[in-house]
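See structure below.
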Amino acid sequence: MEISPTIFVIFGGAGDLTWRKLIPSLFDLYRDGRMPQQFAIMAVDRATLRNAQVHTRYLDGVNRFSPNGKAKGTDWKHFSEHVTYQQGDFKDPATYAQVAKRCAHLEKEWKVKAGHVFHLATPPAMVGVIPNMLAEAGLNRDRARARIVVEKPIGHDLDSARELTRVLTNSFHESQIFRIDHYLGKETVQNILVFRFANPLFEPIWNRRYVDCVTITVAEAVGIGHRGRYYDQAGALRDVVQNHLMQLLCLVAMEPMVTFTADEIRNKKVDVLHALRPIRTDAVRRCTVRGQYGRGTRDGKNVRGYRTEDDIAPHSHTETYAALQLFIDNWRWQGIPFYLRTGKCLSRQCTEVAIHFRAVPHQSFPPNASQGWYPSRLVLSIQPEENIVLGFQAKIPGLQMLLRPVEMRFRYNETFTRPSPKAYETLLWDVMNNDPTLFMREDQIEAAWRFLMPVLEVWTNTRPRNFPNYAAGTWGPKAGDELIKRDGHAWRTIA
Ligand code: BG6
């Protein structure tokens with residue numbers, strides 16, 4: 001599919017996101033022949049830099065972070081001819097006048113009207129400023145061609161998210177706003193809908209009659225790295241639960257869409273959030289667990305505790321682990337618990353959705369015939385393994401009737417030889433194509449915040465007395481296991 005000519009303006013062109021993700025992804029699209037014939041990338045930032053300096057840094061970013069390997073001489077040379085740097089203060093109207101002038105110049109040269117993508121790869125505070133400045137320069141006016149891209153976190157709580165929506169929608173129509181949650185661009189996340197709704201096999205049992213509980217895990221083995229300043233203000237609930245985990249929940253629990261169109265899918269997702277049973281403040285203690293890592297080990301090496309990481313307050317109460325039990329009050333899921341957990345410095349990296357099915361209604365086999373028995377279970381492994389695994393009982397070959405669980409496994413990398421595009425490649429390509437399907441809509445963000453507000457309030461107002469409460473390199477605080485165990489369930493053991 002040919003994309004129309006596009007001018008990509010990146011605010012925060014000297015920043016980390018541009019270096020690590022945006023330029024490597026745009027370059028990978030380019031070497032894959034998927035950038036438009038006519039395109040330009042304009043990086044804007046406060047630092048005074050020459051084009052050549054910016055090109056060198058971007059090439060370094062590609063060579064380090066592109067999953068497709070280092071850039072080859074001519075590919076990079078041709079690509080970098082499309083990339084220019086403009087020094088400018090985000091609060092100065094002259095910056096935007098300069099952007100407008102350059103856009104007009106390029107369009108004159110190309111003899112076409114181009115799409116304008118304004119990507120805000122800036123600190124969150126600037127997201128409150130740039131949309132209005134773009135509007136004052138008239139860069140928002142063409143609804144069909146001007147788009148603005150903003151990154152999570154969208155707000156810090158419900159009120160700030162609403163304020164951000166107000167700022168964005170004051171200057172841009174909702175159809176022009178692309179809010180990135182990069183999880184939605186992952187192949188294995190997109191495949192959840194395909195798996196559920198392109199196969200008649202699982203949908204009839206994807207409900208309270210057959211499902212006992214659902215567990216969703218976003219576990220990270222790494223700590224907070226160099227992001228202490230941001231993370232200490234955010235914590236796991238804001239950083240991952242409000243967005244990535246809620247997106248996975250919606251995809252797993254939503255009703256089938258009638259058509260594969262952006263708003264139809266987003267309507268179905270938001271219905272899930274509207275059906276979440278509110279967690280009242282007096283229930284927060286029972287339904288949630290928070291944790292913070294202390295000293296521990298990873299791969300045999302000592303790992304420091306959260307409170308001694310760079311830029312972290314020595315008595316910080318920020319959670320690096322969060323687990324929740326929640327219910328969806330609708331016909332499909334009434335009474336079925338969903339357990340969500342995420343954490344930094346856990347035993348290993350693993351994102352997965354596990355559907356735990358009910359046990360058979362009557363056990364015909366003698367209890368001592370089963371070894372390590374567990375009811376059927378379907379695991380959608382999102383990363384780093386990309387698999388779908390169905391666990392069920394089988395007879396152990398032999399003269400006796402002995403049973404044990406076995407697994408049927410689909411592996412992406414065995415079936416599809418072509419590597420999956422990275423999330424940002426998919427998302428940037430979709431922005432250029434003006435396809436908002438994989439982007440968050442304002443009402444969805446608001447509904448997720450509304451649901452989590454009581455938890456945030458209680459966690460902010462009551463200091464945890466036991467932090468740090470898990471050692472780096474383990475599976476989190478004991479209370480995280482107890483949360484699910486008291487209902488007779490268990491997190492899947494991730495080896
Ligand atoms: C980001 C969070 O949104 O997602 C990070 O801010 C987290 O804290 C990251 O590490 C996880 O993304 P991925 O793609 O590495 O699983």
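By convention in this document, the chains of the structure tokens carry letters A, B, ... by their order, each chain's residues are numbered from 1, and ligands are numbered from 1 in the order they are shown.
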Practice task
Let me have all residues with an atom within 7 Å of ligand 1, counting only C-alpha atoms and all ligand atoms, laid out as JSON, numbers by chain.
Solution key: {"A": [152, 182, 183, 220, 224, 239, 240]}
Using N, CA, C and O atoms, can you export the residues from the last selection as a compact mmCIF listing (two decimals), in the first residue's frame?
# COMPACT_ATOMS: atom_id res chain seq x y z
N LYS A 152 2.10 7.74 26.00
CA LYS A 152 1.77 7.55 27.40
C LYS A 152 2.95 8.03 28.26
O LYS A 152 4.06 8.04 27.73
N HIS A 182 2.41 1.56 23.31
CA HIS A 182 3.14 0.75 22.34
C HIS A 182 2.78 -0.74 22.42
O HIS A 182 2.99 -1.47 21.47
N TYR A 183 2.17 -1.16 23.54
CA TYR A 183 1.75 -2.56 23.62
C TYR A 183 0.80 -2.94 22.48
O TYR A 183 0.80 -4.05 21.99
N GLU A 220 8.86 -7.79 34.53
CA GLU A 220 10.13 -7.33 33.96
C GLU A 220 11.26 -7.77 34.89
O GLU A 220 11.14 -7.66 36.11
N ILE A 224 14.64 0.01 37.14
CA ILE A 224 14.14 1.24 36.52
C ILE A 224 15.20 1.94 35.66
O ILE A 224 14.93 2.97 35.06
N ASP A 239 2.44 3.44 35.61
CA ASP A 239 3.37 3.17 34.50
C ASP A 239 2.89 2.01 33.63
O ASP A 239 3.06 2.04 32.42
N VAL A 240 2.30 1.00 34.23
CA VAL A 240 1.95 -0.20 33.44
C VAL A 240 0.49 -0.64 33.59
O VAL A 240 -0.17 -0.98 32.62
Problem - For region 354-366 of chain A: contacts at 9 Å, only C-alpha atoms, fewer than 4 positions along chain excluded, given as a ChimeraX atom specification - result: /A:205-206,209-217,370,374-381,401-403,491-492
Put those residues in a file: C-alpha atoms, as an mmCIF file, in the first residue's frame.
data_model
loop_
_atom_site.group_PDB
_atom_site.id
_atom_site.type_symbol
_atom_site.label_atom_id
_atom_site.label_comp_id
_atom_site.auth_asym_id
_atom_site.auth_seq_id
_atom_site.Cartn_x
_atom_site.Cartn_y
_atom_site.Cartn_z
ATOM 1 C CA ILE A 205 -15.973 -21.455 25.853
ATOM 2 C CA TRP A 206 -14.538 -17.956 26.431
ATOM 3 C CA ARG A 209 -19.376 -21.173 32.094
ATOM 4 C CA TYR A 210 -15.983 -22.584 31.172
ATOM 5 C CA VAL A 211 -13.410 -20.146 32.497
ATOM 6 C CA ASP A 212 -12.424 -20.311 36.142
ATOM 7 C CA CYS A 213 -10.163 -17.268 36.220
ATOM 8 C CA VAL A 214 -7.854 -15.208 34.031
ATOM 9 C CA THR A 215 -4.332 -14.115 34.997
ATOM 10 C CA ILE A 216 -2.435 -11.407 33.149
ATOM 11 C CA THR A 217 1.232 -10.826 33.926
ATOM 12 C CA SER A 370 -3.230 -38.093 37.795
ATOM 13 C CA TYR A 374 -4.300 -29.058 36.603
ATOM 14 C CA PRO A 375 -7.382 -28.098 34.580
ATOM 15 C CA SER A 376 -6.976 -27.149 30.923
ATOM 16 C CA ARG A 377 -5.244 -23.867 30.410
ATOM 17 C CA LEU A 378 -4.534 -21.635 27.463
ATOM 18 C CA VAL A 379 -1.525 -19.333 27.603
ATOM 19 C CA LEU A 380 -0.999 -16.490 25.170
ATOM 20 C CA SER A 381 2.673 -15.590 25.566
ATOM 21 C CA MET A 401 -4.366 -45.537 33.126
ATOM 22 C CA LEU A 402 -2.097 -42.738 34.302
ATOM 23 C CA LEU A 403 -2.643 -39.117 33.343
ATOM 24 C CA TRP A 491 -0.361 -17.542 39.117
ATOM 25 C CA ARG A 492 1.028 -19.800 36.436
#
Handout entry: Neighbour list for Ala43 (chain A) as a ChimeraX atom specification, cut-off 7 Å, only C-alpha atoms, skip fewer than 2 positions in-chain
Key = /A:9-11,13,41,45,84-86
Using only C-alpha atoms, what does the table of region 446-490 of chain A residues within 10 Å of region 288-306 of chain A look like, with each row giving the shortest atom pair and its distance in Å to one decimal, sorted by chain and ascending number, as JSON lines?
{"residue": "A:Val455", "atom": "CA", "partner": "A:Thr288", "partner_atom": "CA", "distance": 7.8}
{"residue": "A:Trp459", "atom": "CA", "partner": "A:Arg290", "partner_atom": "CA", "distance": 8.4}
{"residue": "A:Pro464", "atom": "CA", "partner": "A:Arg290", "partner_atom": "CA", "distance": 8.4}
{"residue": "A:Asn466", "atom": "CA", "partner": "A:Gly291", "partner_atom": "CA", "distance": 8.6}
{"residue": "A:Phe467", "atom": "CA", "partner": "A:Gln292", "partner_atom": "CA", "distance": 5.8}
{"residue": "A:Pro468", "atom": "CA", "partner": "A:Gln292", "partner_atom": "CA", "distance": 4.8}
{"residue": "A:Asn469", "atom": "CA", "partner": "A:Gln292", "partner_atom": "CA", "distance": 5.8}
{"residue": "A:Tyr470", "atom": "CA", "partner": "A:Tyr293", "partner_atom": "CA", "distance": 5.0}
{"residue": "A:Ala471", "atom": "CA", "partner": "A:Gly294", "partner_atom": "CA", "distance": 4.8}
{"residue": "A:Ala472", "atom": "CA", "partner": "A:Gly296", "partner_atom": "CA", "distance": 4.3}
{"residue": "A:Gly473", "atom": "CA", "partner": "A:Arg298", "partner_atom": "CA", "distance": 5.3}
{"residue": "A:Thr474", "atom": "CA", "partner": "A:Gly296", "partner_atom": "CA", "distance": 8.1}
{"residue": "A:Gly476", "atom": "CA", "partner": "A:Gly291", "partner_atom": "CA", "distance": 7.0}
{"residue": "A:Pro477", "atom": "CA", "partner": "A:Gly291", "partner_atom": "CA", "distance": 6.1}
{"residue": "A:Lys478", "atom": "CA", "partner": "A:Gly291", "partner_atom": "CA", "distance": 9.5}
{"residue": "A:Ala479", "atom": "CA", "partner": "A:Val289", "partner_atom": "CA", "distance": 6.5}
{"residue": "A:Gly480", "atom": "CA", "partner": "A:Val289", "partner_atom": "CA", "distance": 5.9}
{"residue": "A:Asp481", "atom": "CA", "partner": "A:Val289", "partner_atom": "CA", "distance": 9.4}
{"residue": "A:Glu482", "atom": "CA", "partner": "A:Val289", "partner_atom": "CA", "distance": 9.4}
{"residue": "A:Leu483", "atom": "CA", "partner": "A:Val289", "partner_atom": "CA", "distance": 7.4}
Exercise for the section: Find the residues around Asp329 (chain A) up to 10 Å (only C-alpha atoms counted), leave out those fewer than 2 positions away in its own chain, and share them as a PyMOL selection string. Expected result: chain A and resi 272-278+326-327+331-336
File dump, residues just selected, C-alpha atoms, as a PDB file, in the first residue's frame:
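Once written, selection.pdb looks like this:
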ATOM      1  CA  VAL A 272     -15.106  -3.694  29.237  1.00  0.00           C
ATOM      2  CA  LEU A 273     -13.777  -0.782  31.259  1.00  0.00           C
ATOM      3  CA  HIS A 274     -17.289   0.511  31.870  1.00  0.00           C
ATOM      4  CA  ALA A 275     -18.283  -2.923  33.175  1.00  0.00           C
ATOM      5  CA  LEU A 276     -15.426  -3.142  35.707  1.00  0.00           C
ATOM      6  CA  ARG A 277     -16.793  -3.477  39.212  1.00  0.00           C
ATOM      7  CA  PRO A 278     -15.558  -0.376  41.050  1.00  0.00           C
ATOM      8  CA  LEU A 326     -10.971  -7.385  39.566  1.00  0.00           C
ATOM      9  CA  PHE A 327     -14.355  -8.404  38.225  1.00  0.00           C
ATOM     10  CA  TRP A 331     -23.166 -11.491  31.128  1.00  0.00           C
ATOM     11  CA  ARG A 332     -19.956 -13.024  29.850  1.00  0.00           C
ATOM     12  CA  TRP A 333     -17.771 -12.572  32.913  1.00  0.00           C
ATOM     13  CA  GLN A 334     -20.010 -12.193  35.951  1.00  0.00           C
ATOM     14  CA  GLY A 335     -18.275 -13.624  39.033  1.00  0.00           C
ATOM     15  CA  ILE A 336     -15.039 -14.612  37.264  1.00  0.00           C
TER      16      ILE A 336
END
Practice task
Please run DSSP on the backbone and report, as a PyMOL selection string, all residues within region 231-393 of chain A that come out as strand (DSSP E or B).
Solution key: chain A and resi 276+288-291+293-294+296-298+301-303+321-328+337-343+346+350-357+370+377-383+387-393
Practice task
Identify all residues of region 131-285 of chain A in helix (DSSP H, G or I) (DSSP on the backbone) and supply them as number ranges by chain.
Solution key: A: 131-136, 158-171, 174-176, 182-185, 187-197, 203-205, 228-234, 236-253, 262-275, 281-285
Problem - Residue nearest Ala323 (chain A) among A:Val270, A:Val252, A:Met133, A:Cys287 (counting only C-alpha atoms) - result: A:Cys287
Problem - Distance query Thr437 (chain A) at most 8 Å, only C-alpha atoms, self and fewer than 6 positions along chain excluded, as a list of chain:residue names - result: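 Result of the neighbour search: A:Thr261, A:Ala262, A:Asp263, A:Ile265, A:Arg266.
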Exercise for the section: In Å, rounded to a single decimal, give me how far CA of Ile192 (chain A) is from CA of Asn207 (chain A). Expected result: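 Spanning CA of Asn207 (chain A) to CA of Ile192 (chain A) is a straight-line distance of 15.4 Å.
Considering only C-alpha atoms, the residue among A:His156, A:Asp89, A:Asn330, A:Arg145 positioned nearest to Arg208 (chain A) is A:Asn330.
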Handout entry: region 232-234 of chain A surroundings by only C-alpha atoms, 6 Å radius, close-in-sequence under 4 positions cut, as a VMD selection string
Key = chain A and resid 228 238 318
Quick one: write out the picked residues with N, CA, C and O atoms as an mmCIF file, in the first residue's frame?
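Contents of the output file part20.cif:
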data_model
loop_
_atom_site.group_PDB
_atom_site.id
_atom_site.type_symbol
_atom_site.label_atom_id
_atom_site.label_comp_id
_atom_site.auth_asym_id
_atom_site.auth_seq_id
_atom_site.Cartn_x
_atom_site.Cartn_y
_atom_site.Cartn_z
ATOM 1 N N GLY A 228 14.795 6.981 36.911
ATOM 2 C CA GLY A 228 14.388 7.176 38.291
ATOM 3 C C GLY A 228 13.510 8.401 38.516
ATOM 4 O O GLY A 228 12.512 8.345 39.224
ATOM 5 N N ARG A 238 0.618 3.483 37.675
ATOM 6 C CA ARG A 238 0.492 4.458 36.595
ATOM 7 C C ARG A 238 1.284 4.038 35.359
ATOM 8 O O ARG A 238 0.879 4.279 34.243
ATOM 9 N N THR A 318 7.222 4.672 46.560
ATOM 10 C CA THR A 318 6.697 4.322 45.229
ATOM 11 C C THR A 318 6.712 2.808 45.039
ATOM 12 O O THR A 318 7.697 2.146 45.365
#
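The neighbours of Arg57 (chain A) here are the residues that come within 12 Å of it, using only C-alpha atoms and leaving out any residue fewer than 2 positions away in the same chain; they are Gly13, Ala14, Gly15, Asp16, Thr18, Trp19, Arg20, Ile23, Pro24, Leu49, Arg50, Asn51, Ala52, Gln53, Val54, His55, Leu59, Asp60, Gly61, Val62, Asn63, Arg64, Ser80 and Tyr85 of chain A.
Interatomic distance, CA of Ser66 (chain A) to CA of Arg46 (chain A): 25.8 Å.
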Exercise for the section: Using only C-alpha atoms, pick whichever of A:Ile312, A:Val431, A:Ile388, A:Val189 has the shortest atom-to-atom distance to Thr415 (chain A). Expected result: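 Residue with the minimum atom-to-atom distance to Thr415 (chain A): A:Ile388.
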Problem - Best match for closeness to Phe65 (chain A) among A:Ser25, A:Ser420, A:Thr6, A:Thr188, counting only C-alpha atoms - result: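 Answer, going by the shortest atom-to-atom distance: A:Ser25.
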